[in-house]
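Asker: Dropping a structure here in structure tokens format, bear with me for questions.
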Amino acid sequence: MIYDVIIVGGNIAGLWLGHLLNRSDLKVLVLERNKSVLDTFLGALFYTEKESKEYNIEKFILNKTRKVEIRFIDSNCKEYSRVFVRDDKENPIIMLDEHKLKLDLLDELKKSSNVDIKLNSLVTIITEKRNRVEVELKNKTKYSGKVIVGADGCNSIVAKIFNFPEIKICNAYRYILENCDIDSNNNLFYINLKQLGIGYAWLYPRSKTTCNFGIGSIDRVKGMTKYLMKLKANLPGLKNSKIKNLNGGQLPVSYRRNIVKGRVMLLGNAAGQINPLIGGGVKTTMDAAAIIADVLKKSKKQEFDLNLLKEYEKKYFNSDFGKDIIKTCERVSIVLKLNTHPWFADVGEKFIKFGNYEIRTWSLGKKGNVLKFVIRHLILSLKLLWIYLRTRNKKI
Ligand SMILES: Cc1cc2nc3c(=O)[nH]c(=O)nc-3n(C[C@H](O)[C@H](O)[C@H](O)COP(=O)(O)OP(=O)(O)OC[C@H]3O[C@@H](n4cnc5c(N)ncnc54)[C@H](O)[C@@H]3O)c2cc1C
């Protein structure tokens with residue numbers, strides 16, 4: 001049997017695309033290497049209640065929060081400055097119950113007559129044949145499909161085999177803490193540029209007594225969990241908390257310039273569809289899956305017209321969320337370049353961006369230094385100026 005679409009990867013990207021294609025006339029196969037979809041990471045924040053209604057996932061809401069606050073801290077975890085980013089009662093941010101959502105999607109796909117889902121199925125080889133793609137699992141089982149979607153994370157085997165452009169990756173860790181005494185309305189970000197570089201620790205309340213407490217950095221690797229534990233010990237609301245669960249994973253911090261090649265498409269982390277500063281990839285992955293689902297349904301009518309499949313790439317790069325990801329990735333790469341220069345060691349602070357809000361301090365040091373920098377790195381400076389001019393209205 002030849003499937004219309006084979007999706008490699010059964011975390012949120014694969015499950016959500018499977019869900020969107022269920023009840024279409026496409027025959028779909030989802031292959032996930034793990035025995036369970038629950039032990040892979042999700043955790044969705046920066047997703048507003050209004051958006052959750054559009055996706056019909058309100059029943060998975062765990063907590064609603066109206067505030068976002070950034071706290072700048074020193075290496076002893078003492079706060080020295082604070083910025084309120086958001087306080088919006090009308091449109092709260094939601095925390096999803098990732099387990100319930102994934103269980104529900106899995107259950108739906110298991111019952112579906114159009115979508116087959118196979119767990120414990122590690123894809124090891126993919127070969128392109130005439131008008132189809134053949135996928136081989138570790139146990140040598142083979143499946144054929146007319147189109148293949150790589151939803152297999154930032155180390156995507158699909159992207160590697162089909163020579164998609166490389167992507168930069170960083171690590172992040174998340175604890176679920178119990179026994180906390182926190183404001184269940186307030187999402188907190190802790191920034192310490194010297195220790196965490198372009199990154200931060202976060203506290204997202206799941207309730208008054210439980211929270212997601214995590215850490216991630218683009219340009220630092222060592223000592224992250226140690227610093228997080230120091231922060232936990234220093235925050236009054238967390239002093240008596242207990243670790244219920246630790247999860248970690250990798251995030252893309254750059255995007256792929258190509259996400260469609262012939263009958264191969266990339267989605268979610270595999271495509272770099274995640275905002276590297278906010279770390280939020282669930283909503284953007286769902287948005288991108290909606291574009292793929294539309295394009296697949298349309299192009300199927302013409303036996304998968306490869307030109308129509310390319311529409312996914314065009315639509316994604318022209319979408320507001322796609323543009324936002326690219327813009328943020330560009331900034332991150334500029335900040336990383338600048339940070340290697342002693343005059344600009346704290347430049348990361350100028351580009352911190354949360355959703356539509358930006359925090360800029362512009363403490364560039366002595367004017368003479370800036371002038372020297374501009375003369376030496378004229379193209380980079382013009383690029384920075386261009387980015388600044390394009391985004392200056394969003395400054396807070
Ligand atoms: C610590 C941390 C905290 C985060 N917090 C948030 C948050 O609060 N909000 C938010 O929106 N986002 C958050 N994210 C990001 C979010 O987890 C990702 O953007 C999202 O999971 C992307 O999903 P995905 O399905 O594309 O990729 P992944 O989650 O990477 O899933 C890829 C799937 O493919 C499978 N796979 C890989 N290779 C193969 C193979 N060869 N064969 C078969 N299967 C394979 C894997 O087992 C996995 O299930 C966080 C990420 C991390 C690491």
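Quick note on naming: the chains in the structure tokens go A, B, ... in the order shown, residues restart at 1 in each chain, and ligands are numbered from 1 in order of appearance.
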Please extract the residues at most 6 Å from ligand 1, counting only C-alpha atoms and all ligand atoms, and provide them as an mmCIF file with N, CA and C atoms, in the first residue's frame, using the chain letters and residue numbers of this document.
Answerer:
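Contents of the output file part-v1.cif:
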data_model
loop_
_atom_site.group_PDB
_atom_site.id
_atom_site.type_symbol
_atom_site.label_atom_id
_atom_site.label_comp_id
_atom_site.auth_asym_id
_atom_site.auth_seq_id
_atom_site.Cartn_x
_atom_site.Cartn_y
_atom_site.Cartn_z
ATOM 1 N N VAL A 8 7.146 11.649 9.677
ATOM 2 C CA VAL A 8 8.165 11.076 10.562
ATOM 3 C C VAL A 8 8.220 11.943 11.818
ATOM 4 N N GLY A 9 7.915 11.361 12.990
ATOM 5 C CA GLY A 9 7.901 12.109 14.250
ATOM 6 C C GLY A 9 6.482 12.267 14.751
ATOM 7 N N GLY A 10 6.271 11.867 16.004
ATOM 8 C CA GLY A 10 4.907 11.903 16.559
ATOM 9 C C GLY A 10 4.836 12.718 17.829
ATOM 10 N N ASN A 11 5.579 13.839 17.870
ATOM 11 C CA ASN A 11 5.333 14.753 18.979
ATOM 12 C C ASN A 11 4.300 15.765 18.481
ATOM 13 N N ILE A 12 4.322 16.991 19.009
ATOM 14 C CA ILE A 12 3.205 17.885 18.692
ATOM 15 C C ILE A 12 3.059 18.133 17.176
ATOM 16 N N ALA A 13 4.189 18.271 16.449
ATOM 17 C CA ALA A 13 4.100 18.559 15.005
ATOM 18 C C ALA A 13 3.402 17.417 14.271
ATOM 19 N N GLY A 14 3.883 16.186 14.519
ATOM 20 C CA GLY A 14 3.328 15.025 13.825
ATOM 21 C C GLY A 14 1.891 14.745 14.230
ATOM 22 N N LEU A 31 4.904 7.992 12.055
ATOM 23 C CA LEU A 31 5.887 7.074 12.638
ATOM 24 C C LEU A 31 6.641 7.765 13.769
ATOM 25 N N GLU A 32 6.573 7.216 14.961
ATOM 26 C CA GLU A 32 7.247 7.822 16.123
ATOM 27 C C GLU A 32 8.212 6.799 16.729
ATOM 28 N N ARG A 33 9.443 7.229 16.954
ATOM 29 C CA ARG A 33 10.469 6.277 17.433
ATOM 30 C C ARG A 33 10.233 5.821 18.880
ATOM 31 N N ASN A 34 9.609 6.668 19.714
ATOM 32 C CA ASN A 34 9.413 6.300 21.119
ATOM 33 C C ASN A 34 8.205 5.379 21.303
ATOM 34 N N THR A 40 8.107 12.782 25.483
ATOM 35 C CA THR A 40 8.777 13.860 24.751
ATOM 36 C C THR A 40 8.213 15.189 25.252
ATOM 37 N N PHE A 41 8.960 16.246 25.077
ATOM 38 C CA PHE A 41 8.632 17.513 25.717
ATOM 39 C C PHE A 41 7.585 18.328 24.948
ATOM 40 N N LEU A 42 6.754 19.035 25.696
ATOM 41 C CA LEU A 42 5.843 19.994 25.048
ATOM 42 C C LEU A 42 5.777 21.249 25.910
ATOM 43 N N GLY A 43 4.766 21.427 26.719
ATOM 44 C CA GLY A 43 4.708 22.601 27.610
ATOM 45 C C GLY A 43 4.434 23.854 26.843
ATOM 46 N N ALA A 44 3.195 24.303 26.761
ATOM 47 C CA ALA A 44 2.910 25.426 25.878
ATOM 48 C C ALA A 44 2.472 26.662 26.624
ATOM 49 N N LEU A 45 3.257 27.680 26.482
ATOM 50 C CA LEU A 45 2.903 28.963 27.033
ATOM 51 C C LEU A 45 3.033 29.985 25.900
ATOM 52 N N SER A 121 8.757 3.099 16.349
ATOM 53 C CA SER A 121 9.105 2.954 14.931
ATOM 54 C C SER A 121 10.174 3.975 14.545
ATOM 55 N N LEU A 122 11.424 3.592 14.726
ATOM 56 C CA LEU A 122 12.536 4.499 14.424
ATOM 57 C C LEU A 122 12.867 4.452 12.932
ATOM 58 N N VAL A 123 12.730 5.574 12.266
ATOM 59 C CA VAL A 123 13.055 5.654 10.829
ATOM 60 C C VAL A 123 14.564 5.776 10.687
ATOM 61 N N THR A 124 15.164 4.892 9.875
ATOM 62 C CA THR A 124 16.632 4.942 9.725
ATOM 63 C C THR A 124 17.064 5.251 8.291
ATOM 64 N N ALA A 151 8.767 15.673 10.717
ATOM 65 C CA ALA A 151 8.344 16.348 11.953
ATOM 66 C C ALA A 151 9.156 15.728 13.076
ATOM 67 N N ASP A 152 10.427 15.480 12.779
ATOM 68 C CA ASP A 152 11.262 14.661 13.659
ATOM 69 C C ASP A 152 12.311 15.464 14.430
ATOM 70 N N GLY A 153 11.967 16.694 14.777
ATOM 71 C CA GLY A 153 12.810 17.455 15.701
ATOM 72 C C GLY A 153 14.034 18.089 15.067
ATOM 73 N N CYS A 154 14.829 18.796 15.912
ATOM 74 C CA CYS A 154 15.920 19.588 15.324
ATOM 75 C C CYS A 154 17.070 18.749 14.787
ATOM 76 N N SER A 156 16.651 16.311 12.795
ATOM 77 C CA SER A 156 15.836 15.600 11.802
ATOM 78 C C SER A 156 16.641 14.730 10.830
ATOM 79 N N ILE A 157 16.282 13.451 10.794
ATOM 80 C CA ILE A 157 16.924 12.535 9.837
ATOM 81 C C ILE A 157 16.434 12.861 8.418
ATOM 82 N N ALA A 172 17.891 23.084 26.504
ATOM 83 C CA ALA A 172 17.061 23.704 27.548
ATOM 84 C C ALA A 172 16.582 22.602 28.493
ATOM 85 N N TYR A 173 16.359 22.981 29.745
ATOM 86 C CA TYR A 173 15.914 22.012 30.759
ATOM 87 C C TYR A 173 14.683 22.550 31.458
ATOM 88 N N ARG A 174 13.800 21.652 31.859
ATOM 89 C CA ARG A 174 12.609 22.100 32.580
ATOM 90 C C ARG A 174 12.263 21.160 33.721
ATOM 91 N N GLY A 248 14.280 17.598 29.529
ATOM 92 C CA GLY A 248 15.158 18.505 28.800
ATOM 93 C C GLY A 248 15.058 18.226 27.324
ATOM 94 N N GLY A 249 15.571 19.120 26.545
ATOM 95 C CA GLY A 249 15.507 18.881 25.118
ATOM 96 C C GLY A 249 16.308 19.904 24.358
ATOM 97 N N GLN A 250 16.273 19.800 23.057
ATOM 98 C CA GLN A 250 17.015 20.735 22.220
ATOM 99 C C GLN A 250 16.066 21.588 21.410
ATOM 100 N N LEU A 251 16.485 22.814 21.188
ATOM 101 C CA LEU A 251 15.662 23.754 20.429
ATOM 102 C C LEU A 251 16.458 24.309 19.265
ATOM 103 N N GLY A 268 7.760 22.062 12.215
ATOM 104 C CA GLY A 268 8.073 22.184 13.650
ATOM 105 C C GLY A 268 9.565 22.393 13.899
ATOM 106 N N ASN A 269 10.064 21.755 14.950
ATOM 107 C CA ASN A 269 11.490 21.894 15.282
ATOM 108 C C ASN A 269 12.375 21.532 14.098
ATOM 109 N N ALA A 270 11.980 20.547 13.319
ATOM 110 C CA ALA A 270 12.780 20.118 12.167
ATOM 111 C C ALA A 270 12.964 21.257 11.166
ATOM 112 N N ILE A 274 10.542 27.869 15.503
ATOM 113 C CA ILE A 274 10.428 28.188 16.919
ATOM 114 C C ILE A 274 11.136 29.508 17.151
ATOM 115 N N GLY A 279 11.443 30.797 22.991
ATOM 116 C CA GLY A 279 11.493 29.350 23.204
ATOM 117 C C GLY A 279 10.172 28.686 22.866
ATOM 118 N N GLY A 280 9.171 29.475 22.475
ATOM 119 C CA GLY A 280 7.848 28.912 22.174
ATOM 120 C C GLY A 280 7.800 28.341 20.771
ATOM 121 N N GLY A 281 7.450 27.055 20.691
ATOM 122 C CA GLY A 281 7.397 26.435 19.380
ATOM 123 C C GLY A 281 6.095 25.704 19.140
ATOM 124 N N VAL A 282 5.277 25.577 20.185
ATOM 125 C CA VAL A 282 4.070 24.765 20.037
ATOM 126 C C VAL A 282 3.059 25.482 19.142
ATOM 127 N N LYS A 283 2.811 26.751 19.439
ATOM 128 C CA LYS A 283 1.830 27.510 18.660
ATOM 129 C C LYS A 283 2.306 27.663 17.205
#
Asker: Got a sec: who's within 10 Å of range 260-264 of chain A, counting only C-alpha atoms, leaving out chain neighbours fewer than 5 positions off, as a list in words?
Answerer: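 Contacts, in chain order: Val5, Ile6, Glu128, Asn131, Arg132, Val133, Gly145, Lys146, Val147, Ile148, Val149, Gly150, Val158, Ala159, Phe162, Asn163, Phe164, Ala271, Phe304, Asp305, Leu306, Asn307, Leu309, Lys310, Glu311, Tyr312, Glu313 and Lys314 of chain A.
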Asker: Go through A:Leu336, A:Val68, A:Cys211, A:Ala290 one by one, measure the shortest atom-to-atom distance of each to Asn245 in chain A using only C-alpha atoms, and give the residue with the smallest value.
Answerer: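 Between A:Leu336, A:Val68, A:Cys211, A:Ala290, the residue approaching Asn245 in chain A most closely is A:Cys211.
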Asker: Using only C-alpha atoms, can you tell me which of A:Cys170, A:Leu203, A:Asp104, A:Phe84 comes closest to Val221 in chain A?
Answerer: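 Answer, going by the shortest atom-to-atom distance: A:Cys170.
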Asker: Write out as a count of residues only all residues of range 84-301 of chain A that backbone DSSP assigns to strand (DSSP E or B).
Answerer: 80
Asker: Considering only C-alpha atoms, tabulate each residue of range 80-151 of chain A that lies at most 10 Å from range 51-56 of chain A along with its nearest interatomic pair and the corresponding distance in Å to one decimal; arrange the rows by chain and ascending residue number and present them as a tab-separated table.
Answerer:
residue	atom	partner	partner_atom	distance
A:Asn91	CA	A:Glu51	CA	9.4
A:Ile93	CA	A:Glu51	CA	9.5
A:Ile94	CA	A:Ser52	CA	8.1
A:Leu96	CA	A:Ser52	CA	9.3
Asker: Give me, as a Markdown table, the closest atom pair and its distance (Å, one decimal) for every residue of range 11-116 of chain A within a cut-off of 9 Å of range 176-185 of chain A, counting only C-alpha atoms, rows sorted by chain and rising number.
Answerer:
| residue | atom | partner | partner_atom | distance |
| --- | --- | --- | --- | --- |
| A:Asn63 | CA | A:Ser184 | CA | 7.9 |
| A:Lys64 | CA | A:Asn185 | CA | 7.0 |
| A:Thr65 | CA | A:Asn185 | CA | 4.3 |
| A:Arg66 | CA | A:Asn185 | CA | 5.7 |
| A:Lys67 | CA | A:Asn185 | CA | 6.0 |
| A:Val68 | CA | A:Asn185 | CA | 8.6 |
Asker: Please extract the residues of range 121-359 of chain A with a backbone DSSP assignment of alpha helix (DSSP H) and present them as a VMD selection string.
Answerer: chain A and resid 157 to 161 193 to 196 224 to 234 282 to 300 306 to 309 311 to 318 320 to 339
Asker: With C-alpha atoms retained, export the selected residues as a PDB file, in the first residue's frame.
Answerer:
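The result, stored in selection.pdb:
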ATOM      1  CA  ILE A 157      16.924  12.535   9.837  1.00  0.00           C
ATOM      2  CA  VAL A 158      14.621  13.670   7.011  1.00  0.00           C
ATOM      3  CA  ALA A 159      16.470  17.007   6.777  1.00  0.00           C
ATOM      4  CA  LYS A 160      19.855  15.239   6.852  1.00  0.00           C
ATOM      5  CA  ILE A 161      19.036  12.678   4.164  1.00  0.00           C
ATOM      6  CA  LEU A 193      23.537  38.003  30.780  1.00  0.00           C
ATOM      7  CA  LYS A 194      26.916  37.267  32.351  1.00  0.00           C
ATOM      8  CA  GLN A 195      25.950  33.785  33.496  1.00  0.00           C
ATOM      9  CA  LEU A 196      23.271  32.757  31.035  1.00  0.00           C
ATOM     10  CA  MET A 224      22.725  25.792  33.622  1.00  0.00           C
ATOM     11  CA  THR A 225      20.909  23.345  35.899  1.00  0.00           C
ATOM     12  CA  LYS A 226      23.268  24.236  38.771  1.00  0.00           C
ATOM     13  CA  TYR A 227      22.353  27.914  38.357  1.00  0.00           C
ATOM     14  CA  LEU A 228      18.663  27.026  38.214  1.00  0.00           C
ATOM     15  CA  MET A 229      18.937  25.156  41.517  1.00  0.00           C
ATOM     16  CA  LYS A 230      20.682  28.185  43.035  1.00  0.00           C
ATOM     17  CA  LEU A 231      17.807  30.354  41.825  1.00  0.00           C
ATOM     18  CA  LYS A 232      15.293  27.888  43.278  1.00  0.00           C
ATOM     19  CA  ALA A 233      17.028  28.091  46.653  1.00  0.00           C
ATOM     20  CA  ASN A 234      16.952  31.902  46.550  1.00  0.00           C
ATOM     21  CA  VAL A 282       4.070  24.765  20.037  1.00  0.00           C
ATOM     22  CA  LYS A 283       1.830  27.510  18.660  1.00  0.00           C
ATOM     23  CA  THR A 284       4.090  28.213  15.654  1.00  0.00           C
ATOM     24  CA  THR A 285       4.272  24.485  14.894  1.00  0.00           C
ATOM     25  CA  MET A 286       0.472  24.260  14.963  1.00  0.00           C
ATOM     26  CA  ASP A 287       0.212  27.329  12.693  1.00  0.00           C
ATOM     27  CA  ALA A 288       2.692  25.825  10.221  1.00  0.00           C
ATOM     28  CA  ALA A 289       0.878  22.449  10.311  1.00  0.00           C
ATOM     29  CA  ALA A 290      -2.318  24.261   9.296  1.00  0.00           C
ATOM     30  CA  ILE A 291      -0.535  25.627   6.197  1.00  0.00           C
ATOM     31  CA  ILE A 292       0.832  22.163   5.275  1.00  0.00           C
ATOM     32  CA  ALA A 293      -2.597  20.548   5.742  1.00  0.00           C
ATOM     33  CA  ASP A 294      -4.223  23.093   3.382  1.00  0.00           C
ATOM     34  CA  VAL A 295      -1.517  22.714   0.756  1.00  0.00           C
ATOM     35  CA  LEU A 296      -1.628  18.891   0.897  1.00  0.00           C
ATOM     36  CA  LYS A 297      -5.401  18.802   0.582  1.00  0.00           C
ATOM     37  CA  LYS A 298      -5.286  21.189  -2.405  1.00  0.00           C
ATOM     38  CA  SER A 299      -2.400  19.560  -4.236  1.00  0.00           C
ATOM     39  CA  LYS A 300      -3.769  16.021  -3.784  1.00  0.00           C
ATOM     40  CA  LEU A 306       5.124  19.470  -6.604  1.00  0.00           C
ATOM     41  CA  ASN A 307       4.770  23.173  -7.460  1.00  0.00           C
ATOM     42  CA  LEU A 308       1.742  23.338  -5.203  1.00  0.00           C
ATOM     43  CA  LEU A 309       3.681  21.663  -2.369  1.00  0.00           C
ATOM     44  CA  GLU A 311       3.328  26.850  -1.675  1.00  0.00           C
ATOM     45  CA  TYR A 312       3.845  25.735   1.938  1.00  0.00           C
ATOM     46  CA  GLU A 313       7.321  27.293   1.987  1.00  0.00           C
ATOM     47  CA  LYS A 314       6.092  30.529   0.378  1.00  0.00           C
ATOM     48  CA  LYS A 315       3.100  30.837   2.685  1.00  0.00           C
ATOM     49  CA  TYR A 316       5.164  30.084   5.788  1.00  0.00           C
ATOM     50  CA  PHE A 317       7.873  32.643   4.987  1.00  0.00           C
ATOM     51  CA  ASN A 318       5.183  35.235   4.190  1.00  0.00           C
ATOM     52  CA  ASP A 320       3.395  36.986  10.279  1.00  0.00           C
ATOM     53  CA  PHE A 321       4.637  34.248  12.597  1.00  0.00           C
ATOM     54  CA  GLY A 322       7.166  32.997  10.004  1.00  0.00           C
ATOM     55  CA  LYS A 323       8.504  36.537   9.509  1.00  0.00           C
ATOM     56  CA  ASP A 324       8.714  36.998  13.266  1.00  0.00           C
ATOM     57  CA  ILE A 325      10.803  33.835  13.659  1.00  0.00           C
ATOM     58  CA  ILE A 326      13.177  34.885  10.873  1.00  0.00           C
ATOM     59  CA  LYS A 327      13.542  38.381  12.296  1.00  0.00           C
ATOM     60  CA  THR A 328      14.325  37.001  15.755  1.00  0.00           C
ATOM     61  CA  CYS A 329      16.831  34.482  14.361  1.00  0.00           C
ATOM     62  CA  GLU A 330      18.576  37.296  12.463  1.00  0.00           C
ATOM     63  CA  ARG A 331      18.840  39.335  15.638  1.00  0.00           C
ATOM     64  CA  VAL A 332      20.154  36.433  17.650  1.00  0.00           C
ATOM     65  CA  SER A 333      22.883  35.863  15.093  1.00  0.00           C
ATOM     66  CA  ILE A 334      23.803  39.579  15.147  1.00  0.00           C
ATOM     67  CA  VAL A 335      23.875  39.666  18.937  1.00  0.00           C
ATOM     68  CA  LEU A 336      26.056  36.535  19.018  1.00  0.00           C
ATOM     69  CA  LYS A 337      28.500  38.194  16.608  1.00  0.00           C
ATOM     70  CA  LEU A 338      28.550  41.412  18.647  1.00  0.00           C
ATOM     71  CA  ASN A 339      28.931  39.586  21.960  1.00  0.00           C
TER      72      ASN A 339
END
Asker: Using only C-alpha atoms, which protein or nucleic acid residues come within 10 Å of Leu62 in chain A? Drop anything in the same chain fewer than 2 positions from it, and give the result as JSON, numbers by chain.
Answerer: {"A": [58, 59, 60, 64, 94, 95, 96, 97, 98, 100, 205, 206, 207]}
Asker: Using the selection just defined, write its residues with N, CA and C atoms as a compact mmCIF listing (two decimals), in the first residue's frame.
Answerer:
# COMPACT_ATOMS: atom_id res chain seq x y z
N GLU A 58 -9.43 24.44 24.16
CA GLU A 58 -9.70 25.06 25.48
C GLU A 58 -9.77 24.04 26.61
N LYS A 59 -10.24 22.82 26.24
CA LYS A 59 -10.41 21.83 27.32
C LYS A 59 -9.06 21.36 27.91
N PHE A 60 -7.96 21.74 27.26
CA PHE A 60 -6.65 21.32 27.79
C PHE A 60 -5.96 22.44 28.58
N LYS A 64 -4.54 29.95 33.53
CA LYS A 64 -4.56 31.19 32.75
C LYS A 64 -3.79 32.25 33.52
N ILE A 94 -2.17 31.17 28.21
CA ILE A 94 -2.58 29.88 28.77
C ILE A 94 -1.41 28.91 28.92
N MET A 95 -1.56 28.05 29.87
CA MET A 95 -0.64 26.92 30.03
C MET A 95 -1.45 25.67 29.66
N LEU A 96 -0.93 24.93 28.70
CA LEU A 96 -1.66 23.73 28.28
C LEU A 96 -1.27 22.52 29.11
N ASP A 97 -2.22 21.63 29.30
CA ASP A 97 -1.89 20.34 29.89
C ASP A 97 -1.38 19.45 28.75
N GLU A 98 -0.06 19.41 28.65
CA GLU A 98 0.54 18.75 27.49
C GLU A 98 0.19 17.27 27.41
N LYS A 100 -2.50 15.68 28.58
CA LYS A 100 -3.91 15.45 28.18
C LYS A 100 -4.08 15.71 26.69
N PRO A 205 3.62 29.48 36.16
CA PRO A 205 2.75 28.80 37.12
C PRO A 205 1.75 27.86 36.44
N ARG A 206 1.63 26.66 36.99
CA ARG A 206 0.57 25.73 36.56
C ARG A 206 -0.61 25.88 37.52
N SER A 207 -0.33 26.34 38.74
CA SER A 207 -1.34 26.63 39.77
C SER A 207 -0.62 27.45 40.85
Asker: Restricting the calculation to only C-alpha atoms, which member of A:Lys78, A:Arg376, A:Thr210, A:Lys35 is positioned closest to Asn240 in chain A?
Answerer: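 Selected residue with least distance to Asn240 in chain A: A:Thr210.
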Asker: Counting only C-alpha atoms, figure out which residue out of A:Trp16, A:Tyr143, A:Tyr3, A:Tyr175 gets nearest to Ile57 in chain A.
Answerer: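 Among the listed residues, A:Trp16 lies closest to Ile57 in chain A.
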Asker: One decimal, in Å: what's the spacing between CA of Asp25 in chain A and CA of Glu303 in chain A?
Answerer: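 Answer for the CA of Asp25 in chain A to CA of Glu303 in chain A separation: 12.5 Å.
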Asker: Skip Glu79 in chain A itself and residues of its chain fewer than 4 positions away, then list as a compact mmCIF listing (two decimals) with C-alpha atoms, in the first residue's frame all residues within 12 Å of it, counting only C-alpha atoms.
Answerer:
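Generated output (around.txt):
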# COMPACT_ATOMS: atom_id res chain seq x y z
CA ILE A 70 11.18 40.15 33.54
CA ARG A 71 13.62 40.26 36.42
CA PHE A 72 17.28 41.03 35.87
CA ILE A 73 19.39 39.17 38.40
CA ASP A 74 23.07 38.98 39.32
CA SER A 75 25.23 35.89 39.78
CA VAL A 83 10.35 45.15 33.76
CA PHE A 189 11.67 35.46 33.37
CA TYR A 190 15.05 35.70 35.07
CA ILE A 191 17.85 37.23 33.05
CA ASN A 192 21.52 37.25 33.90
CA LEU A 231 17.81 30.35 41.82
CA ASN A 234 16.95 31.90 46.55
CA LEU A 235 13.36 32.53 45.53
